[in-house]
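Student: One structure, as structure tokens, below. Some questions next.
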4 protein chains.
Amino acid sequence: MAPVGGSSKAKKGILERLDAGEIVIGDGGFVIALEKRGYVKAGPWTPEATVENPEAVRQLHREFLRAGANVLQTFSFYASDDKLENRGNYAADTFSGQRINEAACDIAKEVAQEGDALVAGGVSQTPSYLSSKSKTEVKTIFRKQLQVFMKKEVDFLIAEYFEHVQEATWAVETLKESGLPVAVTLCIGPEGDMDGVPPGECAVRLVNAGASIVGVNCHFDPATCLRTIKLMKEGLAAAKLKAHLMSQPLAFHTPDCGKQGFIDLPEFPFALEPRILTRWDVHKYAREAYNLGIRYIGGCCGFEPYHIRAIAEELAPEKGFLPRASEKHGSWGSDLSMHTKPWVRARARKEYWENMLPASGRPYCPSLSKPDDWEVTKGDLIQQKEATTEQQLKELFKKQSFKSKTVS
Amino acid sequence: MAPVGGSSKAKKGILERLDAGEIVIGDGGFVIALEKRGYVKAGPWTPEATVENPEAVRQLHREFLRAGANVLQTFSFYASDDKLENRGNYAADTFSGQRINEAACDIAKEVAQEGDALVAGGVSQTPSYLSSKSKTEVKTIFRKQLQVFMKKEVDFLIAEYFEHVQEATWAVETLKESGLPVAVTLCIGPEGDMDGVPPGECAVRLVNAGASIVGVNCHFDPATCLRTIKLMKEGLAAAKLKAHLMSQPLAFHTPDCGKQGFIDLPEFPFALEPRILTRWDVHKYAREAYNLGIRYIGGCCGFEPYHIRAIAEELAPEKGFLPRASEKHGSWGSDLSMHTKPWVRARARKEYWENMLPASGRPYCPSLSKPDDWEVTKGDLIQQKEATTEQQLKELFKKQSFKSKTVS
Amino acid sequence: MAPVGGSSKAKKGILERLDAGEIVIGDGGFVIALEKRGYVKAGPWTPEATVENPEAVRQLHREFLRAGANVLQTFSFYASDDKLENRGNYAADTFSGQRINEAACDIAKEVAQEGDALVAGGVSQTPSYLSSKSKTEVKTIFRKQLQVFMKKEVDFLIAEYFEHVQEATWAVETLKESGLPVAVTLCIGPEGDMDGVPPGECAVRLVNAGASIVGVNCHFDPATCLRTIKLMKEGLAAAKLKAHLMSQPLAFHTPDCGKQGFIDLPEFPFALEPRILTRWDVHKYAREAYNLGIRYIGGCCGFEPYHIRAIAEELAPEKGFLPRASEKHGSWGSDLSMHTKPWVRARARKEYWENMLPASGRPYCPSLSKPDDWEVTKGDLIQQKEATTEQQLKELFKKQSFKSKTVS
Amino acid sequence: MAPVGGSSKAKKGILERLDAGEIVIGDGGFVIALEKRGYVKAGPWTPEATVENPEAVRQLHREFLRAGANVLQTFSFYASDDKLENRGNYAADTFSGQRINEAACDIAKEVAQEGDALVAGGVSQTPSYLSSKSKTEVKTIFRKQLQVFMKKEVDFLIAEYFEHVQEATWAVETLKESGLPVAVTLCIGPEGDMDGVPPGECAVRLVNAGASIVGVNCHFDPATCLRTIKLMKEGLAAAKLKAHLMSQPLAFHTPDCGKQGFIDLPEFPFALEPRILTRWDVHKYAREAYNLGIRYIGGCCGFEPYHIRAIAEELAPEKGFLPRASEKHGSWGSDLSMHTKPWVRARARKEYWENMLPASGRPYCPSLSKPDDWEVTKGDLIQQKEATTEQQLKELFKKQSFKSKTVS
């Protein structure tokens, strides 16, 4: 199969593609990837790099496109005005949310023209909601980003990374004002959202609010996300509702996550390395997602370009072509046949990698962790413009040490 | 401490810096990083991306520079003519070695001007040597790359990734013809080179051949590399020789490696994820390297920009400044104080990360592996211009299955 | 607290004790312990040692008594006539079930007189039920053992190790014919019995059948068993039924068990060593069982005398005395203060052992396994008098190899 | 092969057997096994159970005999007078060393008559030596035990569990006064004894002191012990000395031990469970010991009767018969063919168990530990008649906490 990747043919819209039964490959995670490349700050996780270092954002888009992504999301995660000024973040003052969002659109659109990819404008959960601001106030926050997306003429919209289905429905309703197709993903597991609404009911509410595509993103590994989406699918079927399904999980193994996902794992965000998925883990995920009926298949935090390429390679028989980046990657390791050492050439086969149980090289470490569980959510997570003080931190350190001693 | 990163001041040479007791931070690994980004093929591992996708190579150089690297190595690894045509590699025919090496120099020099970094031209071990070609033939191979480096006026030269000290001395002798300072690293462990020459004696031979800087790169994790360099240091001291020490280990934990390093681990190269160093592992490495008297401290395969930044942050007290990428990274996780969730803010402290024993999230996997051990080296690893045939592969698969069943 | 252990005072009956709120400590597992000592055959697991090697059975009873057990169960597990002749077992022909059961009673009664322990006659699930024999036939099997227990005047009766609540109710009904108090334990987990009857409903049916004490034994680790008993307790409360609760879990960690318990783990029965509970794990179990309202607290397979002693030591404050075996065991390792080496003396404290996360010393092994899952139960598990033939085994080996290759 | 186990034939002496090339199977560990059964106190580890609970000691001897042991060691470990009164031990005052040693001989001799086993009187290292008492004083200590062994007419003598070859030579010299054959084992690893004497030289000194059989016992796992004995064998060969080799390792996996062995592992002695060898690990050990030329093959701490049986079963082809306990144990799990469940019957084969990599069921635990390393040995380990005081313990606790925090 010869690698190709987009072309001069006219682009079909997202619903056109999905309605026709096409597989749409999403892109991977920006904040974790760009943090490692030196352009995003862990903690606030805001995307001012669109203004500060556009070439770095552009390069990552390009790599995802090359890896087979059919959608480029604008790098506007957490680019709501309230987030850009939360807890000492300087981004709002220095650049303004509008400029960050505009730059995000410009970069994504520029790269999308290099292949057959759509551009999706994205919004995500807000500190305002967590601080119990009103529906009107929260919608106003979303609307500011939406205005940029409309001005920049993105192809469709994604509301992603919501822990509370209520806020997500507000986002969907706001985005629907544009008339564009709306996709929405919650960052929840099989136990449901932070208010205990089960995945099936979440899906129903979101479709009723106007979403054409529903699913989950972030917070959990592929296996957990697929269990959650299966529950969504069943909920929609029971309610006789139709929607496309979408999956953008972590590229980290998180079987030990609690209800709140990987944020609560003690390794988040600076010691997640041993959990990173191999490309073979992604092959398995892509196939299972496909078998479950999901047709919008991408990734979130941890998904690097080679992970997206693994989705594209696994589903190449269905899609009919390989991504451009497969010029540099024979399926299932076949290019190892060019290695100098014969025992490495002997690894050039699917059976070898498919059955690999990789060692961590860390015999002094456990294989699972106990998540933090402070049982805190909306209402307790107050937005605060000023930086966290030394005194506030000291109190937190004390509380954490106490918790870690009493874990059973 | 305010982040800065090079400037318009005149650049001091590599020996000037080291002789003055300065710390020189090396860059990280290109082939593994660019393989994941979609630009390098695992197996041949050759750098034709310098011609095919210069913007991707440029971006990675930039990230290392921003992370604090004081040296940018030309991406000319395995760019010898014999390697570019080995086992079906099309790069030699399509681009020629000269063009690939020239482009490598051009890109590195362009980026180096954006900060205070030197450019080092690099050569590495050759298929010709492994196929038992003569000293003259092997030196001719090195000399072709050297001519490009001289024409492009690099700042100094590095002979790296040699498993046999004999070939490394030939490389050093050839590079010394230029009059430029020469650094050399072997990819060996404490047991010595593939012919059994102990590290101490290797170091002596290399300094006697003309190297000003000696050390190890690749093949082993930081702890193992430092043990090897310690033996080199002791060997030099016993021989009353002087040289600067250099360290560029893997960013993978490899306590289970045998004599031949990580190539022999069953996870190489597509399932190494669980072994990737955290940034905190790198802090420890940087401090221990410094304490051992090493002043040229960088990384090899697996070292991403954030790993290099960790070296720069650990040694910032000694260097007197932070790298530019630390604008996006408070030391020891301090920016987590800006996170929404209080239990994540509670992780904003050194004691937390320093004592982290991260879980793999893979309870069905072991923590160590048994390396392949086919006891094959120079003489058996014949260069072959044609691609490996199906029949050759089948014989290898059979041999490997037999091996894996008889491992005890 | 001075160790004591029973005396000449008149023995109170099991219900007298439990009704008064006393803690009753059960004994540990016989078949696994005596298999390791050389007296029981893994596979059939039948107790003909009562006739063949009575001194070995006597010694194990004595050790459990000494460790604090308040009940000695007759070693009559799997001593039903149909089991003693199943699949080539010679025990039925050689000794007869009656003789094996009589000897079991004699030994237990002899040792019980050495302390304050009651003797419980025990029956367990039968091959006849699994081969779909009728209620009458199955009850006849139980009745033969019961007749021995009544002749030998045991103190009360236990029906244990039932996977199907239906068979357990038949056993309870039969045992109730004696007029003695009846305890019953299922070897099920939170998902319920093999027919899918949930634990709460199982408990209700068993109490309605006449049991005064209900709970679980075997098949799962303490944490899992306690979850199951909690469901039983809730079921009884909802049905407004009263019964005492009883817990006799494995002394193996089995977080990876499926619905059918540890039999299905690939390590069963000859490689369970890395899963064995430490005494400190048992302390935790005993406390949690007590807090859950369970007052009959013992163990099953894997529980050695020191594990039972750990229950007795943890609950010594409530019971008011230590077991006799604590003469040789200071609580929480305090006798280590007599060790020669100071760093071992430093381990003589509760905080040290309570927080211990013990290493396996097996870095090439995983921490969890995938259970076999052949989805076979009653009806497929035919009783067969003749030994399994070579041909039958070959077919099984083939099936197993296929399964292990397709496990994901 | 029909199980048999000794008979009325006249017993050949230990050297007669070994000189004839026979395999001699040793017994297993008493202190750990009897601690778990409730008769020995961890910390002092002294054998007063020979007087207090002779039936428990007798039963364990019987189990080892039945499992195939050709030697029963008197349970006189640490039964020197100075040890029986060390750090508050009441045994010396209550029973006297003489009585404990006499009872040990009586029990062992009684059981030995039930099969073809020899009785070996055993001495071990003394607090007096560690407290730097003189050669004369230390020899006097050994001589008191020797007098009992001679009066009771044991078959031969073993000096075992010595960390210092100097004390071991004193023991051998003393035991040789009897005229009986003397075996000697050090509890050292490949790095040599606590004074740094390498294993090869240790063996030479011990043979020169009069030992006919030399080897190692305790402190390390089989693989490590075999490496050490190989060094002893090479040392003897280089010195042109002849001696039989003897191996009695731990039944715990200890790849992470330092020079001082398993005492220093944080899990010692109350959390070693996950490290316990399976019977299949013992098969491998027995075969490797045999292949190395060792003919006295037994076990030490952790070896239960079923572990000794595994030695006997592995070497049954060479010995020509199975032990009596194999009546209850088909080789390589063959009796599982009698299990009710077909997937367990499918485990009735060598290939299955031989390749087993058993899971720990403990995903929150590491696979290796860092040993304590206080660098304390002879001279610092003072004998003290009085119990360790609270104040002494507090100082130790403080020191230990400090150590555990600074481990890297």
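Chains: A, B, ... in order of the structure tokens. Residues: from 1 per chain. Ligands: from 1, in order shown.
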Could you list, as a PyMOL selection string, the residues of chain B having an atom within 12 Å of chain D when counting only C-alpha atoms?

Tutor: chain B and resi 223+281+284-285+288+351+354-368+404-408

Student: Mind dumping the selected residues with N, CA and C atoms as an mmCIF file, in the first residue's frame?

Tutor:
```cif
data_model
loop_
_atom_site.group_PDB
_atom_site.id
_atom_site.type_symbol
_atom_site.label_atom_id
_atom_site.label_comp_id
_atom_site.auth_asym_id
_atom_site.auth_seq_id
_atom_site.Cartn_x
_atom_site.Cartn_y
_atom_site.Cartn_z
ATOM 1 N N ALA B 223 23.487 5.521 34.984
ATOM 2 C CA ALA B 223 24.277 4.928 36.063
ATOM 3 C C ALA B 223 25.393 4.052 35.493
ATOM 4 N N ASP B 281 15.048 11.732 37.181
ATOM 5 C CA ASP B 281 16.171 10.815 36.969
ATOM 6 C C ASP B 281 17.344 11.561 36.354
ATOM 7 N N LYS B 284 19.344 13.683 38.835
ATOM 8 C CA LYS B 284 20.274 12.851 39.601
ATOM 9 C C LYS B 284 21.514 12.538 38.761
ATOM 10 N N TYR B 285 21.273 12.193 37.514
ATOM 11 C CA TYR B 285 22.390 11.891 36.615
ATOM 12 C C TYR B 285 23.322 13.086 36.471
ATOM 13 N N GLU B 288 25.458 13.611 39.557
ATOM 14 C CA GLU B 288 26.481 12.580 39.741
ATOM 15 C C GLU B 288 27.581 12.699 38.694
ATOM 16 N N GLU B 351 10.913 17.786 47.328
ATOM 17 C CA GLU B 351 10.904 16.545 48.100
ATOM 18 C C GLU B 351 9.930 15.531 47.489
ATOM 19 N N GLU B 354 11.569 14.192 44.059
ATOM 20 C CA GLU B 354 12.857 13.542 44.284
ATOM 21 C C GLU B 354 12.685 12.116 44.801
ATOM 22 N N ASN B 355 11.613 11.886 45.556
ATOM 23 C CA ASN B 355 11.404 10.573 46.156
ATOM 24 C C ASN B 355 10.392 9.725 45.403
ATOM 25 N N MET B 356 9.948 10.210 44.252
ATOM 26 C CA MET B 356 8.947 9.513 43.450
ATOM 27 C C MET B 356 9.475 8.160 42.959
ATOM 28 N N LEU B 357 8.705 7.120 43.187
ATOM 29 C CA LEU B 357 8.991 5.817 42.572
ATOM 30 C C LEU B 357 7.830 5.523 41.626
ATOM 31 N N PRO B 358 7.946 5.938 40.380
ATOM 32 C CA PRO B 358 6.768 5.929 39.507
ATOM 33 C C PRO B 358 6.315 4.529 39.098
ATOM 34 N N ALA B 359 5.022 4.325 39.088
ATOM 35 C CA ALA B 359 4.433 3.056 38.671
ATOM 36 C C ALA B 359 4.380 2.986 37.149
ATOM 37 N N SER B 360 4.402 1.749 36.640
ATOM 38 C CA SER B 360 4.363 1.552 35.191
ATOM 39 C C SER B 360 2.943 1.470 34.650
ATOM 40 N N GLY B 361 1.968 1.247 35.523
ATOM 41 C CA GLY B 361 0.615 1.009 35.028
ATOM 42 C C GLY B 361 0.498 -0.282 34.221
ATOM 43 N N ARG B 362 1.507 -1.132 34.299
ATOM 44 C CA ARG B 362 1.556 -2.378 33.504
ATOM 45 C C ARG B 362 1.745 -3.586 34.415
ATOM 46 N N PRO B 363 0.723 -3.980 35.147
ATOM 47 C CA PRO B 363 0.924 -5.067 36.109
ATOM 48 C C PRO B 363 1.146 -6.436 35.466
ATOM 49 N N TYR B 364 0.930 -6.563 34.171
ATOM 50 C CA TYR B 364 1.164 -7.858 33.517
ATOM 51 C C TYR B 364 2.558 -7.955 32.902
ATOM 52 N N CYS B 365 3.343 -6.911 33.088
ATOM 53 C CA CYS B 365 4.698 -6.885 32.532
ATOM 54 C C CYS B 365 5.731 -7.069 33.627
ATOM 55 N N PRO B 366 6.897 -7.607 33.267
ATOM 56 C CA PRO B 366 7.981 -7.737 34.247
ATOM 57 C C PRO B 366 8.691 -6.400 34.444
ATOM 58 N N SER B 367 9.616 -6.363 35.400
ATOM 59 C CA SER B 367 10.380 -5.121 35.528
ATOM 60 C C SER B 367 11.746 -5.226 34.852
ATOM 61 N N LEU B 368 12.212 -6.408 34.602
ATOM 62 C CA LEU B 368 13.466 -6.574 33.860
ATOM 63 C C LEU B 368 13.278 -7.580 32.731
ATOM 64 N N SER B 404 14.381 -17.718 22.353
ATOM 65 C CA SER B 404 13.476 -17.247 23.404
ATOM 66 C C SER B 404 12.933 -18.419 24.197
ATOM 67 N N LYS B 405 12.882 -19.592 23.597
ATOM 68 C CA LYS B 405 12.406 -20.756 24.348
ATOM 69 C C LYS B 405 13.450 -21.319 25.274
ATOM 70 N N THR B 406 14.729 -21.090 24.943
ATOM 71 C CA THR B 406 15.757 -21.709 25.771
ATOM 72 C C THR B 406 16.336 -20.758 26.798
ATOM 73 N N VAL B 407 15.845 -19.529 26.821
ATOM 74 C CA VAL B 407 16.306 -18.593 27.864
ATOM 75 C C VAL B 407 15.974 -19.175 29.230
ATOM 76 N N SER B 408 16.901 -19.094 30.140
ATOM 77 C CA SER B 408 16.615 -19.629 31.491
ATOM 78 C C SER B 408 16.322 -18.498 32.448
#
```

Student: Extract, using only C-alpha atoms, all DNA, RNA and protein residues at most 9 Å from Leu72 in chain D, discarding same-chain residues fewer than 5 positions from it, and format them as a list in words.

Tutor: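 Skipping anything fewer than 5 positions along the chain leaves Gly26, Asp27, His61, Phe64, Leu65, Ala108, Lys109, Val111, Ala112, Ala117, Leu118, Val119, Ala120 and Gly121 of chain D.
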
Student: Among range 109-357 of chain B, which ones does DSSP assign to strand (DSSP E) (computed from the backbone)? Answer as a PDB file with C-alpha atoms, in the first residue's frame.

Tutor:
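The resulting file, states.pdb, is shown below:
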```
ATOM      1  CA  LEU B 118      29.003  25.446  19.153  1.00  0.00           C
ATOM      2  CA  VAL B 119      28.550  23.160  16.168  1.00  0.00           C
ATOM      3  CA  ALA B 120      30.225  19.778  16.215  1.00  0.00           C
ATOM      4  CA  GLY B 121      30.585  17.614  13.148  1.00  0.00           C
ATOM      5  CA  GLY B 122      30.095  13.983  13.956  1.00  0.00           C
ATOM      6  CA  VAL B 123      31.099  10.606  12.576  1.00  0.00           C
ATOM      7  CA  SER B 124      30.171   7.179  13.874  1.00  0.00           C
ATOM      8  CA  PHE B 156      34.954  20.921  16.514  1.00  0.00           C
ATOM      9  CA  LEU B 157      34.538  17.230  15.795  1.00  0.00           C
ATOM     10  CA  ILE B 158      33.039  14.232  17.572  1.00  0.00           C
ATOM     11  CA  ALA B 159      33.657  10.570  16.819  1.00  0.00           C
ATOM     12  CA  GLU B 160      30.816   8.813  18.584  1.00  0.00           C
ATOM     13  CA  TYR B 161      29.082   5.471  18.931  1.00  0.00           C
ATOM     14  CA  PHE B 162      31.963   3.084  18.509  1.00  0.00           C
ATOM     15  CA  VAL B 182      38.364  16.068  18.628  1.00  0.00           C
ATOM     16  CA  ALA B 183      36.025  14.447  21.135  1.00  0.00           C
ATOM     17  CA  VAL B 184      35.366  10.714  21.091  1.00  0.00           C
ATOM     18  CA  THR B 185      32.809   8.479  22.797  1.00  0.00           C
ATOM     19  CA  LEU B 186      32.495   4.722  22.805  1.00  0.00           C
ATOM     20  CA  ILE B 213      37.768  14.778  25.173  1.00  0.00           C
ATOM     21  CA  VAL B 214      36.837  11.128  25.856  1.00  0.00           C
ATOM     22  CA  GLY B 215      33.832   9.381  27.244  1.00  0.00           C
ATOM     23  CA  VAL B 216      30.864   7.204  26.430  1.00  0.00           C
ATOM     24  CA  ASN B 217      27.580   7.645  24.641  1.00  0.00           C
ATOM     25  CA  HIS B 244      38.244  16.111  29.452  1.00  0.00           C
ATOM     26  CA  LEU B 245      35.465  13.642  30.220  1.00  0.00           C
ATOM     27  CA  MET B 246      32.200  13.435  28.314  1.00  0.00           C
ATOM     28  CA  SER B 247      28.961  11.637  29.002  1.00  0.00           C
ATOM     29  CA  GLN B 248      25.985  11.126  26.675  1.00  0.00           C
ATOM     30  CA  TYR B 296      30.744  17.724  29.004  1.00  0.00           C
ATOM     31  CA  ILE B 297      27.336  16.412  30.026  1.00  0.00           C
TER      32      ILE B 297
END
```

Student: As a PDB file with C-alpha atoms, in the first residue's frame, please: the residues near Lys12 in chain C (cut-off 12 Å, only C-alpha atoms, same-chain neighbours under 2 positions excluded).

Tutor:
```pdb
ATOM      1  CA  GLY C   6      -8.065 -22.540  76.723  1.00  0.00           C
ATOM      2  CA  SER C   8     -10.377 -26.711  81.986  1.00  0.00           C
ATOM      3  CA  LYS C   9     -13.416 -24.444  82.039  1.00  0.00           C
ATOM      4  CA  ALA C  10     -16.535 -25.953  80.468  1.00  0.00           C
ATOM      5  CA  ILE C  14     -20.586 -21.884  69.089  1.00  0.00           C
ATOM      6  CA  LEU C  15     -23.854 -19.965  69.181  1.00  0.00           C
ATOM      7  CA  GLU C  16     -23.516 -19.219  72.875  1.00  0.00           C
ATOM      8  CA  ARG C  17     -20.193 -17.591  72.106  1.00  0.00           C
ATOM      9  CA  LEU C  18     -21.316 -15.651  69.082  1.00  0.00           C
ATOM     10  CA  ASP C  19     -24.589 -14.585  70.638  1.00  0.00           C
ATOM     11  CA  ALA C  20     -22.585 -13.192  73.540  1.00  0.00           C
ATOM     12  CA  GLU C  22     -17.372 -13.125  71.512  1.00  0.00           C
ATOM     13  CA  VAL C  24     -14.434 -16.907  67.454  1.00  0.00           C
ATOM     14  CA  ASN C  70     -11.297 -21.638  68.825  1.00  0.00           C
ATOM     15  CA  VAL C  71     -12.633 -24.132  66.311  1.00  0.00           C
ATOM     16  CA  ASP C 116     -10.675 -24.237  74.579  1.00  0.00           C
ATOM     17  CA  ALA C 117     -11.683 -25.290  71.084  1.00  0.00           C
ATOM     18  CA  LEU C 118     -14.858 -26.671  69.605  1.00  0.00           C
ATOM     19  CA  VAL C 119     -14.925 -29.384  66.959  1.00  0.00           C
ATOM     20  CA  ASP C 155     -19.949 -29.652  68.552  1.00  0.00           C
ATOM     21  CA  PHE C 156     -21.432 -28.143  65.402  1.00  0.00           C
TER      22      PHE C 156
END
```
